[in-house]
Amino acid sequence: MPTPALTSLAFLTPGNFADDDPHTGLEETLALFEYGERLGFDGAWIRQRHLEHGVGSAAVFLAAAGQRTERIELGSAVIPIGYENPFRLAEDLALADVLSRGRLQIGFSTGMPHADLLGDLVHDGDWRRLDLSYGRIARVLAHLGGDYLGGPDTVIHSPGNVQRPRLQPHNPGLARRIWYGGGSLRSARWAAEQGLSLLTGNIVTGEGTDDFTTAQLNLLAEYRRTPAVQAADRPVRVALGRVIVPVDSADAAGRARYRAYAASRHERTLAPQGPKRTLFAPDVVGTADQILEQLTADPVLGEVSELRLELPYEFHREEYEQILHDVRHLIAPELGWRAASTAVPATV
C-alpha cells in the first residue's frame, strides 16, 4: 500500500448561518478562511447551497474572501451547473479570479438539489428538456477560453473604447483551474477528457461493488487511464475529501458532540443507498493517533497528494477552528505535509 505523502492541504466549509442573522455566520466563514491562511493551509473551499442556510453564490463569496486573504487558494465545491447561465457565471468567476490575483479553484457538478422547487424559478419553459449536464460546464469552459464573439470584423463601441467582444475580464488561467466533483466512472472519464482536475470525496457510486474503497479506487483508475490525462502536458490535480474530526484539543462537550455527529451518519455507510447505489465513507473521528492509524491504512489516500478536509455541517466557528488547528499541527505533518512558508502562527 502506498504511503500517504501530502503536498497540499485544504478545507471545505459549509458556510452555515442562522436564519435570522445571516451576516454573522457569513462573516465567521470569511474569518475561517483568514484563520486557515494563517495556519498555513494551501486552500479554503466553500460549498454552494441553494435554499439552505449556506452560500448561494460561490462567486460572490469568493470575491469577498479574495479581499480578506492574500495567498490561499479559494475554491468552490461544488457549483451545481444546472442552475447557472454559463456566460454570466463565467463573467462572475473571471471577475472574482482577477480580484483575487488568480487564486480561484472552481469545482462543478451536474446535480440539481431541490430541482422540483427551483427548476421553474431558474428556467423559463420546460427546463427538463434542456442540457443541464456536462454540456453546460463545457460552455463555461469555452467562455473562459476567451473566444471572440461574432466575425473577425465585429466590434463593440463603448465610451472611449472600440474593441472586439469577448467575455471580460479575460483571464485565460482560470480555465486551467477548473475541477469536477466526480462520483461515477462516467463522470471521471468526462472530467479527464475535458482536462479538468478531479474532486472525489466521501460519496461515490457503487458500480460493480458494494465496497466504498474499491469503488473510489476504481474511480481514480478510470480517471488516470483516460488518454487525455495520460497525454496531459501539465500535472493533473486530484484531491481527496474526507470528514476528519480530531478531538485532541476539544473539551468534553465538543468530543461528545463530534462522536454523536459521526454516529448519526454511520448507518448510511453500511450498504448502498438509493437507486444510484450511492456509497458513503465513514467519518474519521478520534484522537490524532487514532485518525492517523485510519488514514495511513486508507489505500485511497496513498494514491493522492492533495487532501481536502470536509468540515461537518452546523458546527460552530470555534469548533471549526479547533478542528483545523489539530489537523494542521497533529495530523497533516505526520502525512508528509508542510505548511506554506508564508504562514504565521495561529492559536485556538
# chains A, B, ... in the order shown; residues from 1 in each chain; ligands from 1
call {"tool": "closest_atom_pairs", "arguments": {"of": "segment 119-181 of chain A", "to": "segment 79-101 of chain A", "cutoff": "8 Å", "atoms": "only C-alpha atoms", "output": "CSV"}}
result
residue,atom,partner,partner_atom,distance
A:Gly119,CA,A:Tyr83,CA,7.6
A:Val122,CA,A:Tyr83,CA,6.3
A:His123,CA,A:Tyr83,CA,8.0
A:Leu132,CA,A:Gly82,CA,4.5
A:Ser133,CA,A:Gly82,CA,6.5
A:Arg136,CA,A:Pro86,CA,6.5
A:Ile137,CA,A:Ile81,CA,6.5
A:Arg139,CA,A:Pro86,CA,5.9
A:Val140,CA,A:Pro86,CA,4.8
A:Leu141,CA,A:Ala90,CA,7.9
A:His143,CA,A:Phe87,CA,6.3
A:Leu144,CA,A:Ala90,CA,6.1
A:Leu167,CA,A:Glu91,CA,6.4
A:Gln168,CA,A:Glu91,CA,6.5
A:Pro169,CA,A:Leu95,CA,6.1
A:His170,CA,A:Ala94,CA,7.0
A:Asn171,CA,A:Ala94,CA,6.4
A:Leu174,CA,A:Ala94,CA,7.1
call {"tool": "write_last_selection", "arguments": {"atoms": "N, CA, C and O atoms", "output": "PDB file, in the first residue's frame"}}
result
ATOM      1  N   GLY A 119     -36.373  24.444 -10.298  1.00  0.00           N
ATOM      2  CA  GLY A 119     -36.269  24.368 -11.751  1.00  0.00           C
ATOM      3  C   GLY A 119     -37.096  25.419 -12.464  1.00  0.00           C
ATOM      4  O   GLY A 119     -36.603  26.136 -13.345  1.00  0.00           O
ATOM      5  N   VAL A 122     -35.736  29.102 -11.965  1.00  0.00           N
ATOM      6  CA  VAL A 122     -34.478  29.453 -12.620  1.00  0.00           C
ATOM      7  C   VAL A 122     -34.633  29.517 -14.138  1.00  0.00           C
ATOM      8  O   VAL A 122     -34.063  30.395 -14.796  1.00  0.00           O
ATOM      9  N   HIS A 123     -35.424  28.600 -14.701  1.00  0.00           N
ATOM     10  CA  HIS A 123     -35.500  28.464 -16.155  1.00  0.00           C
ATOM     11  C   HIS A 123     -36.902  28.809 -16.654  1.00  0.00           C
ATOM     12  O   HIS A 123     -37.904  28.456 -16.031  1.00  0.00           O
ATOM     13  N   LEU A 132     -28.695  20.334 -19.019  1.00  0.00           N
ATOM     14  CA  LEU A 132     -28.253  20.918 -17.753  1.00  0.00           C
ATOM     15  C   LEU A 132     -27.134  20.085 -17.143  1.00  0.00           C
ATOM     16  O   LEU A 132     -26.900  20.122 -15.944  1.00  0.00           O
ATOM     17  N   SER A 133     -26.418  19.370 -17.987  1.00  0.00           N
ATOM     18  CA  SER A 133     -25.399  18.437 -17.515  1.00  0.00           C
ATOM     19  C   SER A 133     -24.023  18.865 -18.014  1.00  0.00           C
ATOM     20  O   SER A 133     -23.645  20.027 -17.944  1.00  0.00           O
ATOM     21  N   ARG A 136     -23.294  21.956 -20.314  1.00  0.00           N
ATOM     22  CA  ARG A 136     -23.372  23.292 -19.724  1.00  0.00           C
ATOM     23  C   ARG A 136     -22.033  23.689 -19.103  1.00  0.00           C
ATOM     24  O   ARG A 136     -21.634  24.854 -19.154  1.00  0.00           O
ATOM     25  N   ILE A 137     -21.336  22.736 -18.508  1.00  0.00           N
ATOM     26  CA  ILE A 137     -19.999  23.019 -17.975  1.00  0.00           C
ATOM     27  C   ILE A 137     -19.035  23.316 -19.114  1.00  0.00           C
ATOM     28  O   ILE A 137     -18.198  24.228 -19.026  1.00  0.00           O
ATOM     29  N   ARG A 139     -19.688  24.730 -21.828  1.00  0.00           N
ATOM     30  CA  ARG A 139     -19.935  26.098 -22.282  1.00  0.00           C
ATOM     31  C   ARG A 139     -19.230  27.114 -21.384  1.00  0.00           C
ATOM     32  O   ARG A 139     -18.698  28.116 -21.869  1.00  0.00           O
ATOM     33  N   VAL A 140     -19.220  26.878 -20.082  1.00  0.00           N
ATOM     34  CA  VAL A 140     -18.471  27.765 -19.183  1.00  0.00           C
ATOM     35  C   VAL A 140     -17.000  27.775 -19.567  1.00  0.00           C
ATOM     36  O   VAL A 140     -16.361  28.830 -19.666  1.00  0.00           O
ATOM     37  N   LEU A 141     -16.447  26.588 -19.802  1.00  0.00           N
ATOM     38  CA  LEU A 141     -15.039  26.485 -20.182  1.00  0.00           C
ATOM     39  C   LEU A 141     -14.756  27.232 -21.476  1.00  0.00           C
ATOM     40  O   LEU A 141     -13.730  27.916 -21.606  1.00  0.00           O
ATOM     41  N   HIS A 143     -16.373  29.808 -22.695  1.00  0.00           N
ATOM     42  CA  HIS A 143     -16.415  31.249 -22.452  1.00  0.00           C
ATOM     43  C   HIS A 143     -15.143  31.723 -21.752  1.00  0.00           C
ATOM     44  O   HIS A 143     -14.595  32.783 -22.078  1.00  0.00           O
ATOM     45  N   LEU A 144     -14.658  30.955 -20.791  1.00  0.00           N
ATOM     46  CA  LEU A 144     -13.429  31.333 -20.089  1.00  0.00           C
ATOM     47  C   LEU A 144     -12.230  31.322 -21.021  1.00  0.00           C
ATOM     48  O   LEU A 144     -11.237  32.018 -20.774  1.00  0.00           O
ATOM     49  N   LEU A 167     -15.774  37.665 -23.452  1.00  0.00           N
ATOM     50  CA  LEU A 167     -16.003  37.744 -22.012  1.00  0.00           C
ATOM     51  C   LEU A 167     -14.911  38.580 -21.359  1.00  0.00           C
ATOM     52  O   LEU A 167     -13.721  38.392 -21.639  1.00  0.00           O
ATOM     53  N   GLN A 168     -15.317  39.464 -20.488  1.00  0.00           N
ATOM     54  CA  GLN A 168     -14.388  40.313 -19.754  1.00  0.00           C
ATOM     55  C   GLN A 168     -14.677  40.242 -18.254  1.00  0.00           C
ATOM     56  O   GLN A 168     -15.839  40.119 -17.869  1.00  0.00           O
ATOM     57  N   PRO A 169     -13.654  40.317 -17.407  1.00  0.00           N
ATOM     58  CA  PRO A 169     -12.239  40.396 -17.789  1.00  0.00           C
ATOM     59  C   PRO A 169     -11.726  39.059 -18.308  1.00  0.00           C
ATOM     60  O   PRO A 169     -12.134  38.003 -17.824  1.00  0.00           O
ATOM     61  N   HIS A 170     -10.838  39.138 -19.290  1.00  0.00           N
ATOM     62  CA  HIS A 170     -10.291  37.927 -19.878  1.00  0.00           C
ATOM     63  C   HIS A 170      -9.099  37.463 -19.060  1.00  0.00           C
ATOM     64  O   HIS A 170      -8.131  38.193 -18.878  1.00  0.00           O
ATOM     65  N   ASN A 171      -9.215  36.250 -18.529  1.00  0.00           N
ATOM     66  CA  ASN A 171      -8.160  35.689 -17.694  1.00  0.00           C
ATOM     67  C   ASN A 171      -8.005  34.219 -18.052  1.00  0.00           C
ATOM     68  O   ASN A 171      -8.654  33.357 -17.460  1.00  0.00           O
ATOM     69  N   LEU A 174      -7.766  30.932 -15.568  1.00  0.00           N
ATOM     70  CA  LEU A 174      -8.837  30.323 -14.788  1.00  0.00           C
ATOM     71  C   LEU A 174      -9.342  29.028 -15.422  1.00  0.00           C
ATOM     72  O   LEU A 174      -9.696  28.082 -14.707  1.00  0.00           O
TER      73      LEU A 174
END
call {"tool": "select_by_dssp", "arguments": {"residues": "segment 104-238 of chain A", "states": "strand (DSSP E)", "output": "list in words"}}
result
Leu104, Gln105, Ile106, Gly107, Phe108, Ser109, Ile156, His157, Ser158, Asn161, Val162, Gln163, Ile178, Trp179, Tyr180, Gly181, Ser197, Leu198, Leu199, Thr200, Ile203, Val204, Thr205 and Val238 of chain A
call {"tool": "closest_atom_pairs", "arguments": {"of": "segment 201-282 of chain A", "to": "segment 6-19 of chain A", "cutoff": "10 Å", "atoms": "only C-alpha atoms", "output": "tab-separated table"}}
result
residue	atom	partner	partner_atom	distance
A:Ala239	CA	A:Ser8	CA	8.7
A:Leu240	CA	A:Ala10	CA	9.9
A:Gly241	CA	A:Leu12	CA	8.5
A:Arg242	CA	A:Phe11	CA	9.5
A:Val243	CA	A:Leu12	CA	9.5
call {"tool": "closest_atom_pairs", "arguments": {"of": "segment 197-310 of chain A", "to": "segment 27-42 of chain A", "cutoff": "12 Å", "atoms": "only C-alpha atoms", "output": "CSV"}}
result
residue,atom,partner,partner_atom,distance
A:Glu306,CA,A:Asp42,CA,9.6
A:Leu307,CA,A:Asp42,CA,10.0
A:Arg308,CA,A:Asp42,CA,9.7
A:Leu309,CA,A:Phe41,CA,10.3
call {"tool": "closest_residue", "arguments": {"among": "A:Arg224, A:Arg166, A:His325, A:Arg129", "to": "Ala250 of chain A", "atoms": "only C-alpha atoms"}}
result
A:His325
call {"tool": "atom_distance", "arguments": {"atom1": "atom CA of Lys276 of chain A", "atom2": "atom CA of Val204 of chain A"}}
result
9.7 Å
call {"tool": "atom_distance", "arguments": {"atom1": "atom CA of Ala64 of chain A", "atom2": "atom CA of Arg47 of chain A"}}
result
14.8 Å
call {"tool": "residues_around", "arguments": {"residues": "Arg257 of chain A", "least_positions_apart": "5", "cutoff": "12 Å", "atoms": "only C-alpha atoms", "output": "JSON list (two decimals) with C-alpha atoms, in the first residue's frame"}}
result
[["chain", "number", "residue", "atom", "x", "y", "z"],
["A", 245, "VAL", "CA", -12.65, 15.45, 13.17],
["A", 246, "PRO", "CA", -9.83, 15.29, 15.74],
["A", 247, "VAL", "CA", -10.85, 15.58, 19.39],
["A", 250, "ALA", "CA", -11.72, 19.78, 22.18],
["A", 251, "ASP", "CA", -13.44, 19.97, 25.55],
["A", 252, "ALA", "CA", -15.63, 17.15, 26.87],
["A", 262, "ALA", "CA", -20.44, 10.68, 13.28],
["A", 263, "ALA", "CA", -22.75, 8.10, 14.89],
["A", 264, "SER", "CA", -25.81, 9.79, 13.36],
["A", 285, "VAL", "CA", -13.36, 10.94, 14.37],
["A", 286, "GLY", "CA", -10.98, 10.40, 17.27],
["A", 312, "PRO", "CA", -19.18, 18.99, 9.30],
["A", 314, "GLU", "CA", -23.88, 23.06, 11.59],
["A", 315, "PHE", "CA", -20.83, 23.26, 13.84],
["A", 316, "HIS", "CA", -19.71, 26.49, 15.49],
["A", 319, "GLU", "CA", -15.20, 24.10, 16.76]]
call {"tool": "closest_residue", "arguments": {"among": "A:Asn161, A:Thr200, A:Ser109, A:Ser249", "to": "Ile323 of chain A", "atoms": "only C-alpha atoms"}}
result
A:Ser249
call {"tool": "closest_residue", "arguments": {"among": "A:Asn202, A:Gln67, A:Gln48, A:Thr24", "to": "Pro113 of chain A", "atoms": "only C-alpha atoms"}}
result
A:Gln48
call {"tool": "residues_around", "arguments": {"residues": "Thr296 of chain A", "least_positions_apart": "6", "cutoff": "12 Å", "atoms": "only C-alpha atoms", "output": "ChimeraX atom specification"}}
result
/A:1-6,288-290,302-303,331-332,334-336
call {"tool": "decode", "arguments": {"residues": "segment 91-214 of chain A", "atoms": "C-alpha atoms", "output": "mmCIF file, in the first residue's frame"}}
result
data_model
loop_
_atom_site.group_PDB
_atom_site.id
_atom_site.type_symbol
_atom_site.label_atom_id
_atom_site.label_comp_id
_atom_site.auth_asym_id
_atom_site.auth_seq_id
_atom_site.Cartn_x
_atom_site.Cartn_y
_atom_site.Cartn_z
ATOM 1 C CA GLU A 91 -18.209 36.512 -16.114
ATOM 2 C CA ASP A 92 -18.667 36.403 -12.346
ATOM 3 C CA LEU A 93 -15.937 33.819 -11.849
ATOM 4 C CA ALA A 94 -13.479 35.664 -14.086
ATOM 5 C CA LEU A 95 -14.059 38.893 -12.167
ATOM 6 C CA ALA A 96 -13.639 37.209 -8.784
ATOM 7 C CA ASP A 97 -10.481 35.484 -10.012
ATOM 8 C CA VAL A 98 -8.887 38.728 -11.184
ATOM 9 C CA LEU A 99 -9.755 40.396 -7.868
ATOM 10 C CA SER A 100 -8.038 37.523 -6.017
ATOM 11 C CA ARG A 101 -4.992 37.700 -8.330
ATOM 12 C CA GLY A 102 -5.621 34.294 -9.852
ATOM 13 C CA ARG A 103 -6.340 32.151 -6.797
ATOM 14 C CA LEU A 104 -9.725 30.618 -7.672
ATOM 15 C CA GLN A 105 -10.159 26.848 -7.981
ATOM 16 C CA ILE A 106 -13.691 26.186 -9.235
ATOM 17 C CA GLY A 107 -15.451 22.858 -8.841
ATOM 18 C CA PHE A 108 -18.629 21.910 -10.709
ATOM 19 C CA SER A 109 -21.229 19.182 -10.521
ATOM 20 C CA THR A 110 -24.229 18.249 -12.646
ATOM 21 C CA GLY A 111 -26.559 17.511 -9.741
ATOM 22 C CA MET A 112 -29.593 19.758 -9.116
ATOM 23 C CA PRO A 113 -30.622 19.622 -5.442
ATOM 24 C CA HIS A 114 -34.228 20.759 -4.862
ATOM 25 C CA ALA A 115 -34.934 20.707 -8.612
ATOM 26 C CA ASP A 116 -38.688 20.274 -8.031
ATOM 27 C CA LEU A 117 -38.722 23.641 -6.245
ATOM 28 C CA LEU A 118 -36.070 25.563 -8.159
ATOM 29 C CA GLY A 119 -36.269 24.368 -11.751
ATOM 30 C CA ASP A 120 -39.237 26.532 -12.751
ATOM 31 C CA LEU A 121 -37.854 29.548 -10.875
ATOM 32 C CA VAL A 122 -34.478 29.453 -12.620
ATOM 33 C CA HIS A 123 -35.500 28.464 -16.155
ATOM 34 C CA ASP A 124 -38.222 29.690 -18.491
ATOM 35 C CA GLY A 125 -40.125 26.912 -20.228
ATOM 36 C CA ASP A 126 -39.635 23.174 -19.789
ATOM 37 C CA TRP A 127 -36.215 23.002 -18.140
ATOM 38 C CA ARG A 128 -36.342 19.197 -18.162
ATOM 39 C CA ARG A 129 -35.713 19.299 -21.917
ATOM 40 C CA LEU A 130 -32.575 21.447 -21.590
ATOM 41 C CA ASP A 131 -28.991 20.199 -21.416
ATOM 42 C CA LEU A 132 -28.253 20.918 -17.753
ATOM 43 C CA SER A 133 -25.399 18.437 -17.515
ATOM 44 C CA TYR A 134 -21.872 18.165 -18.904
ATOM 45 C CA GLY A 135 -22.560 20.333 -21.943
ATOM 46 C CA ARG A 136 -23.372 23.292 -19.724
ATOM 47 C CA ILE A 137 -19.999 23.019 -17.975
ATOM 48 C CA ALA A 138 -18.287 22.797 -21.362
ATOM 49 C CA ARG A 139 -19.935 26.098 -22.282
ATOM 50 C CA VAL A 140 -18.471 27.765 -19.183
ATOM 51 C CA LEU A 141 -15.039 26.485 -20.182
ATOM 52 C CA ALA A 142 -15.461 27.795 -23.721
ATOM 53 C CA HIS A 143 -16.415 31.249 -22.452
ATOM 54 C CA LEU A 144 -13.429 31.333 -20.089
ATOM 55 C CA GLY A 145 -11.217 30.477 -23.049
ATOM 56 C CA GLY A 146 -11.804 33.986 -24.385
ATOM 57 C CA ASP A 147 -13.032 33.316 -27.918
ATOM 58 C CA TYR A 148 -14.244 36.469 -29.646
ATOM 59 C CA LEU A 149 -17.946 36.823 -30.427
ATOM 60 C CA GLY A 150 -19.142 37.490 -33.961
ATOM 61 C CA GLY A 151 -16.940 37.605 -37.025
ATOM 62 C CA PRO A 152 -13.400 38.949 -37.313
ATOM 63 C CA ASP A 153 -14.723 42.415 -38.100
ATOM 64 C CA THR A 154 -17.248 42.523 -35.238
ATOM 65 C CA VAL A 155 -16.569 45.299 -32.720
ATOM 66 C CA ILE A 156 -18.489 46.980 -29.949
ATOM 67 C CA HIS A 157 -18.368 50.653 -29.064
ATOM 68 C CA SER A 158 -18.277 51.937 -25.505
ATOM 69 C CA PRO A 159 -17.264 55.350 -24.117
ATOM 70 C CA GLY A 160 -13.654 55.878 -25.108
ATOM 71 C CA ASN A 161 -13.178 52.390 -26.496
ATOM 72 C CA VAL A 162 -13.701 50.214 -29.580
ATOM 73 C CA GLN A 163 -12.915 46.535 -29.128
ATOM 74 C CA ARG A 164 -13.644 43.043 -30.311
ATOM 75 C CA PRO A 165 -16.228 41.467 -27.974
ATOM 76 C CA ARG A 166 -15.457 38.585 -25.655
ATOM 77 C CA LEU A 167 -16.003 37.744 -22.012
ATOM 78 C CA GLN A 168 -14.388 40.313 -19.754
ATOM 79 C CA PRO A 169 -12.239 40.396 -17.789
ATOM 80 C CA HIS A 170 -10.291 37.927 -19.878
ATOM 81 C CA ASN A 171 -8.160 35.689 -17.694
ATOM 82 C CA PRO A 172 -7.122 32.508 -19.557
ATOM 83 C CA GLY A 173 -5.503 30.991 -16.482
ATOM 84 C CA LEU A 174 -8.837 30.323 -14.788
ATOM 85 C CA ALA A 175 -9.857 27.759 -17.412
ATOM 86 C CA ARG A 176 -6.897 25.645 -16.259
ATOM 87 C CA ARG A 177 -8.129 25.736 -12.645
ATOM 88 C CA ILE A 178 -11.497 24.045 -13.103
ATOM 89 C CA TRP A 179 -12.433 20.879 -11.224
ATOM 90 C CA TYR A 180 -15.228 18.359 -11.461
ATOM 91 C CA GLY A 181 -16.782 16.608 -8.478
ATOM 92 C CA GLY A 182 -16.940 13.084 -9.859
ATOM 93 C CA GLY A 183 -18.825 10.236 -8.206
ATOM 94 C CA SER A 184 -19.276 7.801 -11.102
ATOM 95 C CA LEU A 185 -16.925 6.210 -13.618
ATOM 96 C CA ARG A 186 -18.667 8.096 -16.436
ATOM 97 C CA SER A 187 -18.148 11.444 -14.708
ATOM 98 C CA ALA A 188 -14.484 10.649 -14.043
ATOM 99 C CA ARG A 189 -13.954 9.869 -17.725
ATOM 100 C CA TRP A 190 -15.706 13.046 -18.820
ATOM 101 C CA ALA A 191 -13.665 15.212 -16.446
ATOM 102 C CA ALA A 192 -10.456 13.658 -17.726
ATOM 103 C CA GLU A 193 -11.449 14.161 -21.368
ATOM 104 C CA GLN A 194 -12.125 17.850 -20.694
ATOM 105 C CA GLY A 195 -8.780 18.342 -18.955
ATOM 106 C CA LEU A 196 -10.436 19.077 -15.619
ATOM 107 C CA SER A 197 -8.947 18.286 -12.239
ATOM 108 C CA LEU A 198 -10.846 15.738 -10.151
ATOM 109 C CA LEU A 199 -12.540 16.139 -6.779
ATOM 110 C CA THR A 200 -13.544 12.920 -5.066
ATOM 111 C CA GLY A 201 -14.921 12.891 -1.550
ATOM 112 C CA ASN A 202 -16.868 10.707 0.827
ATOM 113 C CA ILE A 203 -19.615 9.860 -1.689
ATOM 114 C CA VAL A 204 -19.202 7.612 -4.754
ATOM 115 C CA THR A 205 -21.439 5.426 -6.901
ATOM 116 C CA GLY A 206 -21.275 1.695 -6.307
ATOM 117 C CA GLU A 207 -20.581 0.262 -9.763
ATOM 118 C CA GLY A 208 -19.836 -3.419 -9.574
ATOM 119 C CA THR A 209 -19.036 -3.287 -5.865
ATOM 120 C CA ASP A 210 -20.635 -2.560 -2.504
ATOM 121 C CA ASP A 211 -17.299 -1.529 -1.017
ATOM 122 C CA PHE A 212 -16.637 2.213 -0.834
ATOM 123 C CA THR A 213 -12.845 1.948 -1.001
ATOM 124 C CA THR A 214 -12.923 -0.331 -4.041
#
